[in-house]
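What follows is one structure encoded as structure tokens, with my remarks underneath.
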Amino acid sequence: MKPMRVSKIVFACVLGGSLLGILMRASVPEGNLTAEAKDLIKLGMGLIATISALVLGLLIASAKGSFDTQHNGLAQTSANVIFLDRVLAHYGKEAKEARDLLRRSVVNLLEQFWPEDGSRPANVAPAPGSEALYERIQELSPETEAQRALQAQALKTGIDIARARWSLFAQRGSSIPTPFLVVLGFWLTILFTSFSLFAPPNPTVLVTLLVCALSVSAAIFVIMELDQPFGGWIQVSSAPLREALAQLGR
């Protein structure tokens with residue numbers, strides 16, 4: 001689901017609920033809006049407002065947690081890339097081919113996650129042949145105990161990088177259930193209907209309802225953006241991986 005499309009739908013529903021409340025205010029007989037009826041409606045809407053706030057909090061926490069997980073995973077991968085390059089550098093010139101392959105892998109990863117062609121979406125799926133670096137490290141023929149230890153460490157770090165890469169791929173799906181959004185949109189629509197049911201339809205009230213509808217839809221937009229960390233306006237920064245690339249080969 002595209003964040004902008006979802007936020008527009010929420011905005012339309014909330015604003016439509018506000019207009020519905022204004023129409024209902026003009027058509028509902030005064031006898032049906034007694035003080036007791038208003039108190040009951042306010043209590044019911046207060047309950048729905050509380051539940052809506054809780055659901056919004058859960059959605060924000062879920063989206064932010066997913067975003068932070070992807071960010072931390074990428075930062076750890078960047079650190080492992082630098083460490084692997086230093087281990088191979090200490091191994092000796094025999095590991096130069098593996099170091100060159102590591103650099104090409106990072107360049108390809110940057111192009112996959114943050115393509116220069118903005119019309120192409122990010123691709124977090126591991127590319128074919130992504131195990132080539134691990135295989136190249138395995139092919140090294142250590143001659144000393146130090147080289148054997150360095151090869152073992154390089155293999156372990158290579159496995160950690162591959163595991164983090166597949167973890168990013170496994171977490172690519174949305175962490176926000178669609179039913180949550182549907183129910184939340186329904187609750188917000190009811191709330192705004194009740195707001196305009198009691199308020200007189202003057203310019204101040206209409207502007208307030210419009211601003212509130214924009215605020216709610218903006219919150220949904222931010223939640224959806226955080227849930228898609230490699231696409232849209234709010235993205236995981238590529239800085240850690242680019243800094244790692246700058247350190248390779250030194």
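By order of appearance in the structure tokens: chains A, B, ..., then residues from 1 within every chain, and ligands from 1 in the order shown.
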For Ala132 (chain A), list every protein, DNA or RNA residue within 12 Å, evaluated using only C-alpha atoms, and leave out those in the same chain fewer than 3 positions away; present the list as a PDB file with N, CA and C atoms, in the first residue's frame.
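This went into out-v5.pdb:
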```pdb
ATOM      1  N   GLU A  97      41.880 -10.420  -4.281  1.00  0.00           N
ATOM      2  CA  GLU A  97      40.702 -10.695  -5.103  1.00  0.00           C
ATOM      3  C   GLU A  97      39.430 -10.706  -4.260  1.00  0.00           C
ATOM      4  N   ALA A  98      39.524 -11.273  -3.062  1.00  0.00           N
ATOM      5  CA  ALA A  98      38.370 -11.292  -2.167  1.00  0.00           C
ATOM      6  C   ALA A  98      37.999  -9.871  -1.730  1.00  0.00           C
ATOM      7  N   ARG A  99      39.010  -9.033  -1.492  1.00  0.00           N
ATOM      8  CA  ARG A  99      38.741  -7.642  -1.094  1.00  0.00           C
ATOM      9  C   ARG A  99      38.073  -6.868  -2.237  1.00  0.00           C
ATOM     10  N   ASP A 100      38.534  -7.110  -3.451  1.00  0.00           N
ATOM     11  CA  ASP A 100      37.908  -6.448  -4.613  1.00  0.00           C
ATOM     12  C   ASP A 100      36.460  -6.906  -4.778  1.00  0.00           C
ATOM     13  N   LEU A 101      36.232  -8.200  -4.546  1.00  0.00           N
ATOM     14  CA  LEU A 101      34.876  -8.729  -4.642  1.00  0.00           C
ATOM     15  C   LEU A 101      33.985  -8.131  -3.559  1.00  0.00           C
ATOM     16  N   LEU A 102      34.547  -7.923  -2.364  1.00  0.00           N
ATOM     17  CA  LEU A 102      33.796  -7.301  -1.274  1.00  0.00           C
ATOM     18  C   LEU A 102      33.399  -5.876  -1.654  1.00  0.00           C
ATOM     19  N   ARG A 104      32.983  -4.639  -4.686  1.00  0.00           N
ATOM     20  CA  ARG A 104      31.940  -4.684  -5.716  1.00  0.00           C
ATOM     21  C   ARG A 104      30.582  -5.052  -5.104  1.00  0.00           C
ATOM     22  N   SER A 105      30.601  -5.917  -4.109  1.00  0.00           N
ATOM     23  CA  SER A 105      29.352  -6.321  -3.455  1.00  0.00           C
ATOM     24  C   SER A 105      28.697  -5.127  -2.753  1.00  0.00           C
ATOM     25  N   PRO A 126      18.570 -10.581  -1.955  1.00  0.00           N
ATOM     26  CA  PRO A 126      19.976 -10.865  -2.282  1.00  0.00           C
ATOM     27  C   PRO A 126      20.130 -11.201  -3.757  1.00  0.00           C
ATOM     28  N   ALA A 127      21.140 -10.607  -4.384  1.00  0.00           N
ATOM     29  CA  ALA A 127      21.373 -10.816  -5.809  1.00  0.00           C
ATOM     30  C   ALA A 127      21.941 -12.210  -6.054  1.00  0.00           C
ATOM     31  N   PRO A 128      21.706 -12.780  -7.252  1.00  0.00           N
ATOM     32  CA  PRO A 128      22.305 -14.068  -7.590  1.00  0.00           C
ATOM     33  C   PRO A 128      23.833 -14.001  -7.503  1.00  0.00           C
ATOM     34  N   GLY A 129      24.430 -15.021  -6.933  1.00  0.00           N
ATOM     35  CA  GLY A 129      25.872 -15.030  -6.804  1.00  0.00           C
ATOM     36  C   GLY A 129      26.383 -14.277  -5.594  1.00  0.00           C
ATOM     37  N   GLU A 135      32.657 -18.013  -0.897  1.00  0.00           N
ATOM     38  CA  GLU A 135      33.361 -19.091  -1.596  1.00  0.00           C
ATOM     39  C   GLU A 135      34.804 -18.707  -1.892  1.00  0.00           C
ATOM     40  N   ARG A 136      35.001 -17.424  -2.224  1.00  0.00           N
ATOM     41  CA  ARG A 136      36.370 -16.975  -2.519  1.00  0.00           C
ATOM     42  C   ARG A 136      37.236 -17.013  -1.269  1.00  0.00           C
ATOM     43  N   ILE A 137      36.667 -16.667  -0.116  1.00  0.00           N
ATOM     44  CA  ILE A 137      37.439 -16.735   1.131  1.00  0.00           C
ATOM     45  C   ILE A 137      37.772 -18.185   1.466  1.00  0.00           C
ATOM     46  N   GLN A 138      36.832 -19.080   1.197  1.00  0.00           N
ATOM     47  CA  GLN A 138      37.076 -20.502   1.449  1.00  0.00           C
ATOM     48  C   GLN A 138      38.217 -21.044   0.587  1.00  0.00           C
ATOM     49  N   GLU A 139      38.384 -20.487  -0.601  1.00  0.00           N
ATOM     50  CA  GLU A 139      39.407 -20.977  -1.526  1.00  0.00           C
ATOM     51  C   GLU A 139      40.815 -20.553  -1.134  1.00  0.00           C
ATOM     52  N   GLY A 158      31.899 -13.137   7.213  1.00  0.00           N
ATOM     53  CA  GLY A 158      31.139 -13.265   5.977  1.00  0.00           C
ATOM     54  C   GLY A 158      29.767 -13.880   6.217  1.00  0.00           C
ATOM     55  N   ILE A 159      29.708 -14.865   7.112  1.00  0.00           N
ATOM     56  CA  ILE A 159      28.426 -15.481   7.464  1.00  0.00           C
ATOM     57  C   ILE A 159      27.521 -14.462   8.154  1.00  0.00           C
ATOM     58  N   ALA A 162      26.086 -12.179   5.548  1.00  0.00           N
ATOM     59  CA  ALA A 162      25.037 -12.852   4.781  1.00  0.00           C
ATOM     60  C   ALA A 162      23.767 -13.021   5.611  1.00  0.00           C
TER      61      ALA A 162
END
```
* Pick out each residue of region 39-213 of chain A that DSSP on the backbone tags as helix (DSSP H, G or I); I need them as a PyMOL selection string. => chain A and resi 39-91+93-113+132-138+145-170+178-198+203-213
* Best match for closeness to Asp160 (chain A) among A:Ser18, A:Ser52, A:Ser27, A:Asn80, counting only C-alpha atoms -> A:Asn80
* To do: Find the residues around Thr50 (chain A) up to 12 Å (only C-alpha atoms counted), leave out those fewer than 4 positions away in its own chain, and share them as an NGL selection string.
  => :A and (43-46 or 54-57 or 184 or 187-188 or 191)
Generate a file of the selected residues that holds C-alpha atoms, formatted as a PDB file, in the first residue's frame.
```
ATOM      1  CA  LEU A  43     -19.081   9.073  26.865  1.00  0.00           C
ATOM      2  CA  GLY A  44     -19.240   6.694  23.915  1.00  0.00           C
ATOM      3  CA  MET A  45     -17.032   8.911  21.781  1.00  0.00           C
ATOM      4  CA  GLY A  46     -14.592   9.278  24.664  1.00  0.00           C
ATOM      5  CA  LEU A  54      -4.072   3.290  21.863  1.00  0.00           C
ATOM      6  CA  VAL A  55      -4.206   1.791  18.374  1.00  0.00           C
ATOM      7  CA  LEU A  56      -2.384   4.803  16.925  1.00  0.00           C
ATOM      8  CA  GLY A  57       0.295   4.375  19.574  1.00  0.00           C
ATOM      9  CA  LEU A 184      -8.852   2.854  12.920  1.00  0.00           C
ATOM     10  CA  TRP A 187     -13.260   4.920  14.477  1.00  0.00           C
ATOM     11  CA  LEU A 188     -11.780   8.253  13.399  1.00  0.00           C
ATOM     12  CA  LEU A 191     -15.271  10.567  16.103  1.00  0.00           C
TER      13      LEU A 191
END
```
* Nearest residue to Arg163 (chain A) from the set A:Leu150, A:Ala49, A:Leu19, A:Leu74 (distances using only C-alpha atoms) ->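 Among the listed residues, A:Leu74 lies closest to Arg163 (chain A).
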* Asked: Which residues, written as a ChimeraX atom specification, have at least one atom at most 10 Å from Ile234 (chain A), with only C-alpha atoms counted and residues fewer than 2 positions away on the same chain left out?
  -> /A:67,222-232,236-237
* Which residue out of A:Gln70, A:Val106, A:Glu143, A:Pro115 has the minimum interatomic distance to Gly92 (chain A) when only C-alpha atoms are used? -> A:Glu143
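Rounded to one decimal, CA of Ala154 (chain A) and CA of Ser141 (chain A) lie 13.1 Å from each other.
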Against region 208-213 of chain A, which residues of region 86-197 of chain A fall within 10 Å? For each one I want the closest pair of atoms and the distance in Å (one decimal), counting only C-alpha atoms, rows by chain and increasing residue number, as CSV.
```
residue,atom,partner,partner_atom,distance
A:Leu188,CA,A:Ala213,CA,9.2
A:Thr189,CA,A:Ala213,CA,9.5
A:Phe192,CA,A:Leu209,CA,7.7
A:Phe195,CA,A:Leu209,CA,8.4
A:Ser196,CA,A:Leu209,CA,8.0
```
What does the file look like for those residues with N, CA and C atoms, as a compact mmCIF listing (two decimals), in the first residue's frame?
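Output contents, as saved in result-v9.txt:
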```txt
# COMPACT_ATOMS: atom_id res chain seq x y z
N LEU A 188 -12.06 6.82 13.57
CA LEU A 188 -11.78 8.25 13.40
C LEU A 188 -12.93 8.95 12.68
N THR A 189 -13.51 8.26 11.72
CA THR A 189 -14.66 8.83 11.00
C THR A 189 -15.84 9.06 11.95
N PHE A 192 -15.09 12.14 14.27
CA PHE A 192 -15.24 13.44 13.63
C PHE A 192 -16.71 13.72 13.32
N PHE A 195 -17.98 15.10 16.51
CA PHE A 195 -17.48 16.45 16.76
C PHE A 195 -18.38 17.50 16.09
N SER A 196 -18.64 17.27 14.81
CA SER A 196 -19.43 18.26 14.05
C SER A 196 -20.92 18.17 14.35
```
* Quick one: distance from CA of Pro3 (chain A) to CA of Phe221 (chain A) in Å, one decimal? ->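 CA of Pro3 (chain A) sits 5.2 Å away from CA of Phe221 (chain A).
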* **Spatial neighbours of region 169-180 of chain A, 7 Å, only C-alpha atoms, chain gap at least 3 places, as a ChimeraX atom specification** => /A:59,62-63,124-125,165-166,183-184,227
* Asked: Out of A:Leu241, A:Ala218, A:Ile190, A:Met4, which residue has the shortest atom-to-atom distance to Ile48 (chain A) when counting only C-alpha atoms?
  ->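 Checking each of A:Leu241, A:Ala218, A:Ile190, A:Met4 against Ile48 (chain A), counting only C-alpha atoms, the winner is A:Ile190.
For Ser217 (chain A), the residues within 6 Å (counting only C-alpha atoms, excluding itself and residues fewer than 6 positions away along the chain) are A:Ser7, A:Val10, A:Phe11.
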* Excluding Lys8 (chain A) and residues on its chain fewer than 6 positions from it, collect all residues at most 12 Å away from it, counting only C-alpha atoms, and give them as a VMD selection string. => chain A and resid 1 to 2 14 to 16 185 213 to 221
* Selected residue of minimal separation from Asp85 (chain A) among A:Cys13, A:Leu155, A:Leu110, A:Ala149, counting only C-alpha atoms -> A:Leu155
